[in-house]
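Quick look at model.cif (mmCIF, C-alpha atoms (C1' of nucleotides)):
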data_work
loop_
_atom_site.label_atom_id
_atom_site.label_comp_id
_atom_site.auth_asym_id
_atom_site.auth_seq_id
_atom_site.Cartn_x
_atom_site.Cartn_y
_atom_site.Cartn_z
CA MET A 37 19.07 -34.95 32.12
CA LYS A 38 15.83 -36.90 32.20
CA THR A 39 17.20 -38.67 35.26
CA LYS A 40 17.90 -35.35 36.93
CA LEU A 41 14.27 -34.32 36.58
CA ARG A 42 13.07 -37.65 37.93
CA THR A 43 15.40 -37.54 40.91
CA HIS A 44 14.15 -34.07 41.62
CA PHE A 45 10.51 -35.16 41.65
CA GLU A 46 11.24 -38.27 43.63
CA ALA A 47 12.85 -36.28 46.39
CA LEU A 48 9.27 -35.32 47.26
CA VAL A 49 6.99 -37.90 45.63
CA PRO A 50 7.80 -41.46 44.52
CA LEU A 51 6.94 -42.24 40.89
CA THR A 52 6.72 -45.45 38.92
CA ASP A 53 8.40 -45.60 35.51
CA ASP A 54 5.06 -45.16 33.83
CA GLU A 55 4.12 -42.26 36.02
CA PHE A 56 7.40 -40.52 35.40
CA ASN A 57 7.18 -41.00 31.66
CA PHE A 58 3.70 -39.55 31.72
CA VAL A 59 4.89 -36.57 33.73
CA HIS A 60 7.93 -36.16 31.53
CA SER A 61 5.78 -35.98 28.41
CA HIS A 62 4.37 -32.67 29.69
CA PHE A 63 7.76 -30.99 29.63
CA SER A 64 9.95 -29.83 26.82
CA SER A 65 13.64 -29.09 26.97
CA GLN A 66 15.50 -25.99 25.94
CA THR A 67 19.01 -24.65 25.92
CA ALA A 68 19.80 -20.96 26.19
CA LYS A 69 23.02 -19.00 25.82
CA ARG A 70 24.36 -16.61 28.41
CA SER A 71 22.52 -13.27 28.46
CA THR A 72 19.51 -14.67 26.59
CA TYR A 73 16.08 -13.70 27.93
CA LEU A 74 13.63 -16.49 28.71
CA ILE A 75 11.03 -13.99 29.86
CA LYS A 76 10.85 -10.35 28.89
CA GLU A 77 8.91 -7.73 30.78
CA GLY A 78 5.73 -6.84 28.91
CA GLU A 79 5.56 -10.07 26.97
CA PRO A 80 3.41 -13.14 27.72
CA VAL A 81 4.92 -15.76 29.99
CA LYS A 82 4.62 -19.14 28.30
CA TYR A 83 6.55 -21.38 30.64
CA VAL A 84 7.78 -22.23 34.08
CA TYR A 85 11.42 -23.25 33.82
CA PHE A 86 13.39 -25.90 35.65
CA VAL A 87 17.15 -25.42 35.63
CA ILE A 88 19.12 -28.56 34.77
CA SER A 89 22.40 -26.66 34.55
CA GLY A 90 23.45 -23.05 34.29
CA LEU A 91 22.23 -20.00 36.15
CA LEU A 92 19.36 -17.54 35.72
CA LYS A 93 18.40 -14.25 37.26
CA LEU A 94 14.87 -13.00 37.77
CA ILE A 95 14.85 -9.22 37.56
CA TYR A 96 12.55 -6.31 38.16
CA THR A 97 13.16 -3.18 36.13
CA ASN A 98 11.88 0.15 37.42
CA GLU A 99 10.64 3.13 35.38
CA SER A 100 14.20 4.47 35.08
CA GLY A 101 15.42 1.20 33.64
CA GLU A 102 17.40 0.18 36.73
CA GLU A 103 17.41 -3.54 37.41
CA SER A 104 16.97 -5.29 40.73
CA ILE A 105 17.60 -8.98 41.09
CA VAL A 106 14.56 -10.61 42.63
CA SER A 107 16.08 -14.07 42.58
CA PHE A 108 18.85 -16.23 41.23
CA ALA A 109 17.87 -19.64 39.88
CA MET A 110 20.52 -22.30 39.85
CA GLU A 111 20.55 -26.06 39.29
CA ASP A 112 17.34 -27.76 40.38
CA TRP A 113 15.46 -24.52 40.78
CA TRP A 114 12.11 -23.62 39.30
CA GLU A 115 11.65 -20.11 38.09
CA SER A 116 9.21 -17.91 36.23
CA ASP A 117 7.21 -14.74 36.59
CA TYR A 118 4.59 -16.76 38.39
CA MET A 119 2.05 -14.00 38.69
CA ALA A 120 1.99 -13.48 34.95
CA PHE A 121 2.27 -17.20 34.21
CA TYR A 122 -0.72 -18.28 36.29
CA SER A 123 -2.92 -15.38 35.34
CA GLY A 124 -1.97 -15.28 31.68
CA SER A 125 -1.03 -11.61 31.90
CA LYS A 126 2.09 -9.85 30.64
CA ALA A 127 5.35 -10.22 32.52
CA HIS A 128 6.31 -7.64 35.12
CA LEU A 129 9.63 -9.40 35.56
CA SER A 130 12.32 -10.65 33.23
CA LEU A 131 14.23 -13.91 33.37
CA GLN A 132 17.71 -13.90 31.91
CA CYS A 133 20.56 -16.39 31.67
CA LEU A 134 23.74 -15.51 33.54
CA GLU A 135 25.39 -18.61 32.08
CA ASP A 136 24.70 -20.95 29.19
CA SER A 137 21.85 -23.03 30.57
CA VAL A 138 19.98 -26.27 30.01
CA LEU A 139 16.35 -26.20 31.01
CA TYR A 140 13.11 -28.06 31.17
CA ARG A 141 9.97 -26.03 30.74
CA ILE A 142 6.23 -26.57 31.06
CA SER A 143 3.38 -24.53 29.59
CA LEU A 144 0.32 -23.45 31.56
CA GLU A 145 -1.86 -25.88 29.64
CA ASP A 146 0.45 -28.80 30.32
CA TYR A 147 0.82 -27.72 33.91
CA GLN A 148 -2.92 -27.70 34.45
CA ASN A 149 -3.33 -31.00 32.66
CA LEU A 150 -0.63 -32.55 34.72
CA CYS A 151 -2.16 -31.30 37.97
CA ASP A 152 -5.57 -32.60 36.92
CA LYS A 153 -4.28 -36.03 36.08
CA SER A 154 -1.61 -36.57 38.67
CA GLN A 155 -2.40 -36.12 42.32
CA LYS A 156 1.25 -36.76 43.03
CA MET A 157 2.40 -33.88 40.90
CA LEU A 158 -0.23 -31.66 42.47
CA ARG A 159 1.31 -32.51 45.81
CA PHE A 160 4.76 -31.92 44.40
CA PHE A 161 3.88 -28.45 43.17
CA LEU A 162 2.12 -27.67 46.45
CA GLN A 163 5.27 -28.46 48.36
CA LYS A 164 7.37 -26.41 45.95
CA ALA A 165 5.05 -23.44 46.33
CA GLN A 166 5.09 -23.75 50.11
CA ARG A 167 8.87 -23.80 50.15
CA GLY A 168 9.01 -20.88 47.78
CA HIS A 169 6.78 -18.90 50.09
CA ILE A 170 8.85 -19.82 53.14
CA GLY A 171 12.07 -18.92 51.32
CA SER A 172 10.75 -15.52 50.32
CA GLN A 173 9.58 -14.90 53.87
CA GLN A 174 13.06 -15.58 55.16
CA ARG A 175 14.47 -13.14 52.68
CA ILE A 176 11.98 -10.55 53.96
CA ILE A 177 13.17 -11.23 57.49
CA SER A 178 16.75 -10.63 56.36
CA PHE A 179 15.72 -7.21 55.05
CA LEU A 180 13.92 -6.44 58.30
CA THR A 181 16.67 -7.49 60.66
CA LEU A 182 20.07 -7.58 58.99
CA SER A 183 22.58 -4.99 57.82
CA ALA A 184 23.85 -5.09 54.25
CA LYS A 185 27.01 -6.81 55.46
CA ASP A 186 25.11 -9.48 57.36
CA ARG A 187 22.80 -10.07 54.42
CA TYR A 188 25.86 -10.53 52.21
CA GLU A 189 27.49 -13.00 54.56
CA HIS A 190 24.26 -14.86 54.97
CA LEU A 191 23.97 -15.17 51.20
CA ILE A 192 27.54 -16.37 50.72
CA ASP A 193 27.06 -18.79 53.57
CA ARG A 194 24.10 -20.42 51.89
CA TYR A 195 25.36 -20.23 48.35
CA PRO A 196 29.17 -20.01 48.38
CA ALA A 197 29.29 -20.92 44.68
CA LEU A 198 27.54 -17.66 43.78
CA LEU A 199 30.68 -15.73 44.65
CA GLN A 200 32.55 -17.53 41.86
CA ARG A 201 29.74 -17.45 39.36
CA VAL A 202 28.21 -14.00 39.72
CA PRO A 203 29.87 -10.56 39.64
CA LYS A 204 29.62 -8.56 42.84
CA THR A 205 27.55 -5.95 41.10
CA GLN A 206 24.80 -8.51 40.72
CA LEU A 207 25.09 -9.71 44.28
CA ALA A 208 24.72 -6.09 45.39
CA SER A 209 21.57 -5.81 43.32
CA TYR A 210 20.16 -8.94 44.93
CA LEU A 211 21.00 -7.61 48.39
CA GLY A 212 19.47 -4.21 47.75
CA VAL A 213 22.64 -2.14 48.16
CA SER A 214 24.77 -0.20 45.72
CA ARG A 215 27.80 -1.97 44.27
CA GLU A 216 30.05 0.66 45.86
CA THR A 217 28.68 -0.04 49.32
CA LEU A 218 29.16 -3.78 48.88
CA SER A 219 32.67 -3.20 47.65
CA ARG A 220 33.53 -1.07 50.67
CA LEU A 221 32.20 -3.61 53.16
CA TYR A 222 35.32 -5.65 52.56
CA SER A 223 37.89 -3.09 51.44
CA SER A 224 40.88 -2.66 53.73
CA LYS A 225 40.07 1.04 53.86
CA SER A 226 36.86 0.53 55.81
CA TYR A 227 38.66 -1.54 58.41
CA LEU A 228 41.23 1.26 58.87
CA ASP A 229 38.42 3.80 59.18
CA ARG A 230 36.83 1.87 61.95
CA THR A 231 39.94 1.80 64.12
CA THR A 232 40.28 5.59 64.16
CA MET B 44 -18.86 -17.85 60.33
CA LYS B 45 -19.20 -21.23 58.68
CA THR B 46 -20.53 -19.41 55.64
CA LYS B 47 -17.51 -17.16 55.61
CA LEU B 48 -15.19 -20.14 55.38
CA ARG B 49 -17.24 -21.69 52.61
CA THR B 50 -17.37 -18.51 50.61
CA HIS B 51 -13.62 -18.25 50.98
CA PHE B 52 -13.06 -21.75 49.60
CA GLU B 53 -15.57 -21.31 46.85
CA ALA B 54 -13.80 -18.25 45.57
CA LEU B 55 -11.24 -20.74 44.24
CA VAL B 56 -12.96 -24.15 44.12
CA PRO B 57 -16.69 -24.95 43.96
CA LEU B 58 -17.94 -27.33 46.67
CA THR B 59 -21.15 -29.29 47.15
CA ASP B 60 -22.83 -29.15 50.57
CA ASP B 61 -21.48 -32.57 51.39
CA GLU B 62 -18.00 -31.64 50.28
CA PHE B 63 -18.01 -28.50 52.33
CA ASN B 64 -19.28 -30.27 55.42
CA PHE B 65 -16.55 -32.82 55.02
CA VAL B 66 -13.95 -30.11 54.69
CA HIS B 67 -15.42 -28.14 57.57
CA SER B 68 -15.16 -31.16 59.87
CA HIS B 69 -11.36 -30.89 59.63
CA PHE B 70 -11.34 -27.44 61.19
CA SER B 71 -11.95 -26.25 64.70
CA SER B 72 -12.81 -22.73 65.78
CA GLN B 73 -11.14 -20.54 68.35
CA THR B 74 -11.44 -17.07 69.76
CA ALA B 75 -8.49 -15.15 71.13
CA LYS B 76 -8.22 -11.88 73.01
CA ARG B 77 -6.04 -9.01 71.95
CA SER B 78 -2.34 -9.56 72.73
CA THR B 79 -2.78 -13.34 73.09
CA TYR B 80 -0.16 -15.51 71.40
CA LEU B 81 -1.38 -18.20 69.03
CA ILE B 82 2.18 -19.29 68.29
CA LYS B 83 5.18 -18.69 70.50
CA GLU B 84 8.76 -18.88 69.32
CA GLY B 85 10.39 -22.07 70.53
CA GLU B 86 7.15 -23.97 70.97
CA PRO B 87 5.56 -26.49 68.59
CA VAL B 88 3.22 -25.12 65.94
CA LYS B 89 -0.02 -27.05 66.09
CA TYR B 90 -2.17 -25.15 63.65
CA VAL B 91 -2.56 -23.05 60.59
CA TYR B 92 -5.06 -20.28 61.34
CA PHE B 93 -7.71 -18.67 59.20
CA VAL B 94 -8.87 -15.25 60.35
CA ILE B 95 -12.65 -14.81 60.44
CA SER B 96 -12.41 -11.47 62.18
CA GLY B 97 -9.77 -9.54 64.06
CA LEU B 98 -6.13 -8.97 63.25
CA LEU B 99 -2.90 -10.88 63.86
CA LYS B 100 0.77 -10.11 63.50
CA LEU B 101 3.45 -12.62 62.62
CA ILE B 102 6.70 -11.56 64.26
CA TYR B 103 10.35 -12.44 64.24
CA THR B 104 12.31 -11.73 67.41
CA ASN B 105 16.08 -11.35 67.21
CA GLU B 106 18.67 -12.29 69.83
CA SER B 107 18.29 -8.90 71.52
CA GLY B 108 14.56 -9.39 71.86
CA GLU B 109 13.64 -6.78 69.23
CA GLU B 110 10.57 -7.65 67.20
CA SER B 111 10.05 -7.30 63.46
CA ILE B 112 6.67 -7.74 61.90
CA VAL B 113 6.90 -10.31 59.13
CA SER B 114 3.25 -10.06 58.24
CA PHE B 115 -0.14 -8.82 59.32
CA ALA B 116 -3.05 -11.23 58.98
CA MET B 117 -6.49 -9.75 58.65
CA GLU B 118 -9.91 -11.08 57.73
CA ASP B 119 -9.78 -14.00 55.28
CA TRP B 120 -6.06 -14.50 55.69
CA TRP B 121 -4.26 -17.70 56.48
CA GLU B 122 -1.31 -17.50 58.80
CA SER B 123 1.14 -19.66 60.67
CA ASP B 124 4.84 -20.29 61.06
CA TYR B 125 4.64 -22.51 58.00
CA MET B 126 8.18 -23.79 58.15
CA ALA B 127 7.70 -25.09 61.67
CA PHE B 128 4.16 -26.27 60.96
CA TYR B 129 4.99 -28.41 57.94
CA SER B 130 8.21 -29.80 59.35
CA GLY B 131 6.96 -30.34 62.89
CA SER B 132 9.83 -28.31 64.31
CA LYS B 133 9.72 -25.53 66.92
CA ALA B 134 8.53 -22.10 65.94
CA HIS B 135 11.03 -19.47 64.84
CA LEU B 136 8.23 -16.93 64.62
CA SER B 137 5.41 -15.86 66.91
CA LEU B 138 1.81 -15.12 66.01
CA GLN B 139 -0.01 -12.64 68.20
CA CYS B 140 -3.43 -11.01 68.19
CA LEU B 141 -3.51 -7.27 67.67
CA GLU B 142 -7.27 -7.32 68.20
CA ASP B 143 -9.76 -9.75 69.71
CA SER B 144 -10.03 -12.34 66.97
CA VAL B 145 -12.22 -15.17 65.75
CA LEU B 146 -10.39 -17.94 63.97
CA TYR B 147 -10.60 -21.29 62.31
CA ARG B 148 -7.64 -23.57 62.65
CA ILE B 149 -6.48 -26.88 61.22
CA SER B 150 -3.88 -29.30 62.58
CA LEU B 151 -1.17 -30.90 60.45
CA GLU B 152 -2.85 -34.27 60.68
CA ASP B 153 -6.19 -32.89 59.54
CA TYR B 154 -4.49 -30.86 56.85
CA GLN B 155 -2.77 -33.91 55.43
CA ASN B 156 -5.92 -35.97 55.66
CA LEU B 157 -7.88 -33.31 53.92
CA CYS B 158 -5.33 -33.02 51.12
CA ASP B 159 -5.31 -36.80 50.69
CA LYS B 160 -9.04 -37.04 50.46
CA SER B 161 -9.97 -33.90 48.63
CA GLN B 162 -8.33 -33.06 45.36
CA LYS B 163 -10.26 -29.81 45.41
CA MET B 164 -8.74 -28.73 48.69
CA LEU B 165 -5.31 -29.74 47.48
CA ARG B 166 -5.85 -27.39 44.56
CA PHE B 167 -7.12 -24.74 46.93
CA PHE B 168 -4.04 -24.91 49.12
CA LEU B 169 -1.81 -24.96 46.06
CA GLN B 170 -3.32 -21.71 44.86
CA LYS B 171 -3.02 -20.18 48.32
CA ALA B 172 0.63 -21.16 48.53
CA GLN B 173 1.31 -19.76 45.06
CA ARG B 174 -0.31 -16.48 45.97
CA GLY B 175 1.57 -16.38 49.23
CA HIS B 176 4.81 -16.82 47.34
CA ILE B 177 3.94 -14.13 44.84
CA GLY B 178 2.93 -11.74 47.61
CA SER B 179 6.19 -12.23 49.46
CA GLN B 180 8.10 -11.71 46.24
CA GLN B 181 6.38 -8.38 45.73
CA ARG B 182 7.30 -7.35 49.23
CA ILE B 183 10.92 -8.24 48.43
CA ILE B 184 10.72 -6.06 45.34
CA SER B 185 9.47 -3.19 47.50
CA PHE B 186 12.55 -3.54 49.70
CA LEU B 187 14.79 -3.62 46.66
CA THR B 188 13.34 -0.66 44.85
CA LEU B 189 11.41 1.66 47.18
CA SER B 190 12.33 4.18 49.84
CA ALA B 191 10.82 3.91 53.30
CA LYS B 192 8.31 6.59 52.39
CA ASP B 193 7.25 4.86 49.20
CA ARG B 194 6.93 1.53 50.98
CA TYR B 195 4.72 3.22 53.55
CA GLU B 196 2.48 4.80 50.94
CA HIS B 197 2.31 1.56 49.02
CA LEU B 198 1.19 -0.23 52.18
CA ILE B 199 -1.46 2.34 53.06
CA ASP B 200 -2.64 2.27 49.49
CA ARG B 201 -3.25 -1.46 49.60
CA TYR B 202 -4.53 -1.64 53.15
CA PRO B 203 -5.91 1.75 54.17
CA ALA B 204 -7.71 0.17 57.14
CA LEU B 205 -4.37 -0.69 58.72
CA LEU B 206 -3.78 2.96 59.49
CA GLN B 207 -6.83 2.97 61.76
CA ARG B 208 -6.22 -0.41 63.30
CA VAL B 209 -2.49 -0.55 63.91
CA PRO B 210 -0.20 1.92 65.74
CA LYS B 211 2.46 3.54 63.58
CA THR B 212 5.15 1.86 65.63
CA GLN B 213 3.97 -1.47 64.26
CA LEU B 214 3.72 -0.21 60.71
CA ALA B 215 7.30 0.98 61.02
CA SER B 216 8.35 -2.47 62.16
CA TYR B 217 6.61 -4.04 59.16
CA LEU B 218 8.30 -1.59 56.83
CA GLY B 219 11.74 -2.13 58.29
CA VAL B 220 12.34 1.41 59.54
CA SER B 221 12.51 2.92 63.00
CA ARG B 222 9.32 4.47 64.38
CA GLU B 223 11.10 7.84 64.56
CA THR B 224 11.95 7.75 60.88
CA LEU B 225 8.38 6.87 59.94
CA SER B 226 7.09 9.67 62.14
CA ARG B 227 9.41 12.20 60.51
CA LEU B 228 8.37 11.22 56.97
CA TYR B 229 5.14 13.10 57.51
CA SER B 230 6.05 15.69 60.12
CA SER B 231 5.76 19.31 59.02
CA LYS B 232 9.38 19.76 60.05
CA SER B 233 10.73 17.55 57.30
CA TYR B 234 8.79 19.46 54.67
CA LEU B 235 10.28 22.72 55.94
CA ASP B 236 13.73 21.20 55.89
CA ARG B 237 13.36 20.28 52.27
CA THR B 238 12.59 23.81 51.16
CA THR B 239 15.74 25.27 52.68
"C1'" DC C 191 43.88 -11.32 18.84
"C1'" DG C 192 42.27 -6.93 19.92
"C1'" DG C 193 39.09 -3.49 21.42
"C1'" DG C 194 34.91 -2.25 23.68
"C1'" DA C 195 32.20 -3.50 27.53
"C1'" DA C 196 31.80 -5.12 32.03
"C1'" DT C 197 33.81 -5.33 36.62
"C1'" DA C 198 35.87 -3.56 40.71
"C1'" DG C 199 37.96 -0.32 43.92
"C1'" DT C 200 37.93 4.11 45.92
"C1'" DG C 201 37.73 9.30 46.99
"C1'" DA C 202 34.58 13.06 48.03
"C1'" DC C 203 30.45 14.39 49.17
"C1'" DA C 204 25.16 14.15 49.85
"C1'" DT C 205 21.30 11.94 51.83
"C1'" DA C 206 18.68 8.57 54.44
"C1'" DA C 207 18.02 6.39 58.43
"C1'" DG C 208 19.19 5.03 63.23
"C1'" DT C 209 19.78 6.09 68.14
"C1'" DC C 210 19.05 8.25 72.44
"C1'" DA C 211 16.53 11.32 75.15
"C1'" DC C 212 12.58 13.72 76.58
"C1'" DA C 213 7.69 15.21 76.88
"C1'" DG C 214 2.81 15.21 76.24
"C1'" DG C 215 -1.11 12.59 75.09
"C1'" DT C 216 -3.99 8.36 75.05
"C1'" DA C 217 -5.54 3.90 75.94
"C1'" DT C 218 -6.16 0.07 79.09
"C1'" DC C 219 -7.20 -2.78 82.70
"C1'" DA C 220 -7.28 -4.04 87.53
"C1'" DT D 175 -11.09 5.74 87.95
"C1'" DG D 176 -6.58 6.17 88.45
"C1'" DA D 177 -1.93 4.42 87.72
"C1'" DT D 178 0.69 2.52 84.25
"C1'" DA D 179 2.10 1.27 79.95
"C1'" DC D 180 1.84 2.51 75.27
"C1'" DC D 181 2.04 5.73 71.52
"C1'" DT D 182 3.74 9.78 69.12
"C1'" DG D 183 6.52 13.69 67.85
"C1'" DT D 184 10.77 15.86 67.88
"C1'" DG D 185 15.65 17.68 68.86
"C1'" DA D 186 20.51 16.51 68.54
"C1'" DC D 187 23.69 13.70 67.03
"C1'" DT D 188 25.82 9.36 64.80
"C1'" DT D 189 26.13 5.96 61.32
"C1'" DA D 190 25.01 3.64 57.07
"C1'" DT D 191 24.30 3.95 52.50
"C1'" DG D 192 23.85 6.33 47.99
"C1'" DT D 193 25.76 9.03 44.15
"C1'" DC D 194 29.09 10.66 40.99
"C1'" DA D 195 33.51 10.52 39.20
"C1'" DC D 196 37.68 8.46 37.88
"C1'" DT D 197 40.91 4.61 37.24
"C1'" DA D 198 42.72 0.05 36.53
"C1'" DT D 199 41.77 -4.51 35.36
"C1'" DT D 200 39.51 -8.31 33.30
"C1'" DC D 201 36.45 -10.53 30.24
"C1'" DC D 202 34.30 -11.54 26.09
"C1'" DC D 203 32.95 -11.76 21.42
"C1'" DG D 204 33.63 -10.68 16.65
#
Could I get this structure in the form of structure tokens?
Amino acid sequence: MKTKLRTHFEALVPLTDDEFNFVHSHFSSQTAKRSTYLIKEGEPVKYVYFVISGLLKLIYTNESGEESIVSFAMEDWWESDYMAFYSGSKAHLSLQCLEDSVLYRISLEDYQNLCDKSQKMLRFFLQKAQRGHIGSQQRIISFLTLSAKDRYEHLIDRYPALLQRVPKTQLASYLGVSRETLSRLYSSKSYLDRTT
Amino acid sequence: MKTKLRTHFEALVPLTDDEFNFVHSHFSSQTAKRSTYLIKEGEPVKYVYFVISGLLKLIYTNESGEESIVSFAMEDWWESDYMAFYSGSKAHLSLQCLEDSVLYRISLEDYQNLCDKSQKMLRFFLQKAQRGHIGSQQRIISFLTLSAKDRYEHLIDRYPALLQRVPKTQLASYLGVSRETLSRLYSSKSYLDRTT
DNA sequence: CGGGAATAGTGACATAAGTCACAGGTATCA
DNA sequence: TGATACCTGTGACTTATGTCACTATTCCCG
């Protein structure tokens, strides 16, 4: 587990043993059962989480209590309500386990300390943030240019494992369509309809 | 103009005169006429741009040649095809002036040099990337949870000046709806329809 | 193990949005 | 300044998606 974190860092920045141990000392580990909340809307956001194993969903809940999945977070992903985390405000999003999960986490204080003391980690987090931004931008492009069906296929293409691990209802929520519409995209009935 | 850049940096990180001059030496300035392309799909991406004045649009063009507006970039905004810029690959997006614009720009080499030599600027870019990520995530949430009309009102709420500066056709493209649909959202006809 | 909750498919219908076509107005630039 | 391209609204129609309801099946957790 410690190795997994190190490998993850070293994919972007090389670290000596000492450096890694120093970095590692800023993190704590946590396990969480399926359906547990790591972040709850309205509460303070103490940590950014790194997923060692398991699966999380980041969700936005509207005034009517309907949930939309902003993001899934699987192995090797970082997740949090970043806006609330960095600013110290209350969460607008919630982070919930879809599977029993093993996590590393870092507090804002430790994060800032780490960035102050390790130029390498500052660079690491910069690259992560850049990639996060690029990833979100691509998702925006998929909303601008693709149909629900194409967005679904695109998603399954990139993350085939999701289909096994996540109910379709949740995939629909991530894609921004109703579960019924997603269901019908691949029902035999819709194919018959089209040929008439 | 130089002051504008400094003020922008100092909103996040304080700089001495020497520090700022050092930073400034990594940038070059450029002016560009309305409708000029700063980045063209398929070509290398040399720079990240900072908008001193004017207005840009970042666009994605699909196989049929239809454009979608990924982002507007107004005063004090940074913009580029970041994926292509950081990786040195060809642009998947284009960046075009909607108005005559005055810009600063920085090359990848200068950017990396600057980050190596200035911890402060590394922190600056980290914060910019974080905010970029958060902003894109909020746009995703608007696609997941809002109707076209609500997305439009949300946009005008945040950037009222856009309404004066950008034709509705372009706003529609940014919102992911057809120009006709956007037009009808506020036509008297649709209000009449609703009352019947 | 058993029962309640979650998941998934689907029919029937309502609503939102897209597409194509046309016309009048406005901006732009050679 | 005048021709041209762009912008905007709108009618008529098509298509995509949402909503509600019901059922069958599967999955958990106590």
Counting only C-alpha atoms (C1' of nucleotides), write as a PyMOL selection string all protein and nucleic acid residues lying at most 12 Å from (-4.4, -32.5, 59.3) in the file's frame. chain B and resi 66-71+89-91+128-129+148-160
Explicit residue set for the PyMOL selection byres ((chain B and resi 137) around 12), as number ranges by chain: B: 78-88, 99-105, 110-115, 122-125, 127, 133-136, 138-140
Written file, previous selection with C-alpha atoms, as a compact mmCIF listing (two decimals), keeping the file's coordinate frame:
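Below you can see out-v5.txt, which holds the result:
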# COMPACT_ATOMS: atom_id res chain seq x y z
CA SER B 78 -2.34 -9.56 72.73
CA THR B 79 -2.78 -13.34 73.09
CA TYR B 80 -0.16 -15.51 71.40
CA LEU B 81 -1.38 -18.20 69.03
CA ILE B 82 2.18 -19.29 68.29
CA LYS B 83 5.18 -18.69 70.50
CA GLU B 84 8.76 -18.88 69.32
CA GLY B 85 10.39 -22.07 70.53
CA GLU B 86 7.15 -23.97 70.97
CA PRO B 87 5.56 -26.49 68.59
CA VAL B 88 3.22 -25.12 65.94
CA LEU B 99 -2.90 -10.88 63.86
CA LYS B 100 0.77 -10.11 63.50
CA LEU B 101 3.45 -12.62 62.62
CA ILE B 102 6.70 -11.56 64.26
CA TYR B 103 10.35 -12.44 64.24
CA THR B 104 12.31 -11.73 67.41
CA ASN B 105 16.08 -11.35 67.21
CA GLU B 110 10.57 -7.65 67.20
CA SER B 111 10.05 -7.30 63.46
CA ILE B 112 6.67 -7.74 61.90
CA VAL B 113 6.90 -10.31 59.13
CA SER B 114 3.25 -10.06 58.24
CA PHE B 115 -0.14 -8.82 59.32
CA GLU B 122 -1.31 -17.50 58.80
CA SER B 123 1.14 -19.66 60.67
CA ASP B 124 4.84 -20.29 61.06
CA TYR B 125 4.64 -22.51 58.00
CA ALA B 127 7.70 -25.09 61.67
CA LYS B 133 9.72 -25.53 66.92
CA ALA B 134 8.53 -22.10 65.94
CA HIS B 135 11.03 -19.47 64.84
CA LEU B 136 8.23 -16.93 64.62
CA LEU B 138 1.81 -15.12 66.01
CA GLN B 139 -0.01 -12.64 68.20
CA CYS B 140 -3.43 -11.01 68.19
Against chain D, which residues of chain B fall within 9 Å? For each one I want the closest pair of atoms and the distance in Å (one decimal), counting only C-alpha atoms (C1' of nucleotides), rows by chain and increasing residue number, as CSV.
residue,atom,partner,partner_atom,distance
B:Pro210,CA,D:DC181,C1',7.3
B:Lys211,CA,D:DC181,C1',8.2
B:Thr212,CA,D:DC181,C1',7.7
B:Glu223,CA,D:DG183,C1',8.1
B:Ser226,CA,D:DG183,C1',7.0
B:Arg227,CA,D:DG183,C1',8.0
B:Ser230,CA,D:DG183,C1',8.0
B:Lys232,CA,D:DT184,C1',8.9
File of the preceding selection, C-alpha atoms, as a PDB file, in the coordinates of the input:
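Contents of again10.pdb, freshly written:
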ATOM      1  CA  PRO B 210      -0.200   1.920  65.740  1.00  0.00           C
ATOM      2  CA  LYS B 211       2.460   3.540  63.580  1.00  0.00           C
ATOM      3  CA  THR B 212       5.150   1.860  65.630  1.00  0.00           C
ATOM      4  CA  GLU B 223      11.100   7.840  64.560  1.00  0.00           C
ATOM      5  CA  SER B 226       7.090   9.670  62.140  1.00  0.00           C
ATOM      6  CA  ARG B 227       9.410  12.200  60.510  1.00  0.00           C
ATOM      7  CA  SER B 230       6.050  15.690  60.120  1.00  0.00           C
ATOM      8  CA  LYS B 232       9.380  19.760  60.050  1.00  0.00           C
TER       9      LYS B 232
END
Between CA of Gln173 in chain A and CA of Ser161 in chain B lies a distance of 27.8 Å
Provide the CA of Ser209 in chain A to CA of Lys185 in chain A distance in Å, to one decimal place.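 Pair CA of Ser209 in chain A / CA of Lys185 in chain A returns 13.3 Å.
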Chain A residues within 6 Å of chain B, counting only C-alpha atoms: which ones, as a ChimeraX atom specification? /A:162,165-166,168-169,172,180,212
Return as a list of chain:residue names the set of residues that the PyMOL selection byres ((chain C) within 8 of (chain A)) yields on the displayed structure.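 On this input, the PyMOL selection byres ((chain C) within 8 of (chain A)) captures C:DT197, C:DA198, C:DG199.
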Residues of the last selection are to be written out with C-alpha atoms (C1' of nucleotides), as a short mmCIF file (atom, residue, chain, number, x, y, z; two decimals), in the coordinates of the input.
data_model
loop_
_atom_site.label_atom_id
_atom_site.label_comp_id
_atom_site.auth_asym_id
_atom_site.auth_seq_id
_atom_site.Cartn_x
_atom_site.Cartn_y
_atom_site.Cartn_z
"C1'" DT C 197 33.81 -5.33 36.62
"C1'" DA C 198 35.87 -3.56 40.71
"C1'" DG C 199 37.96 -0.32 43.92
#
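For the pair CA of Phe52 in chain B and CA of Trp114 in chain A, the separation is 27.3 Å.
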Result set of the PyMOL selection byres ((chain C and resi 207) around 7) on the coordinates above, as a PyMOL selection string: (chain B and resi 224) or (chain C and resi 206+208)
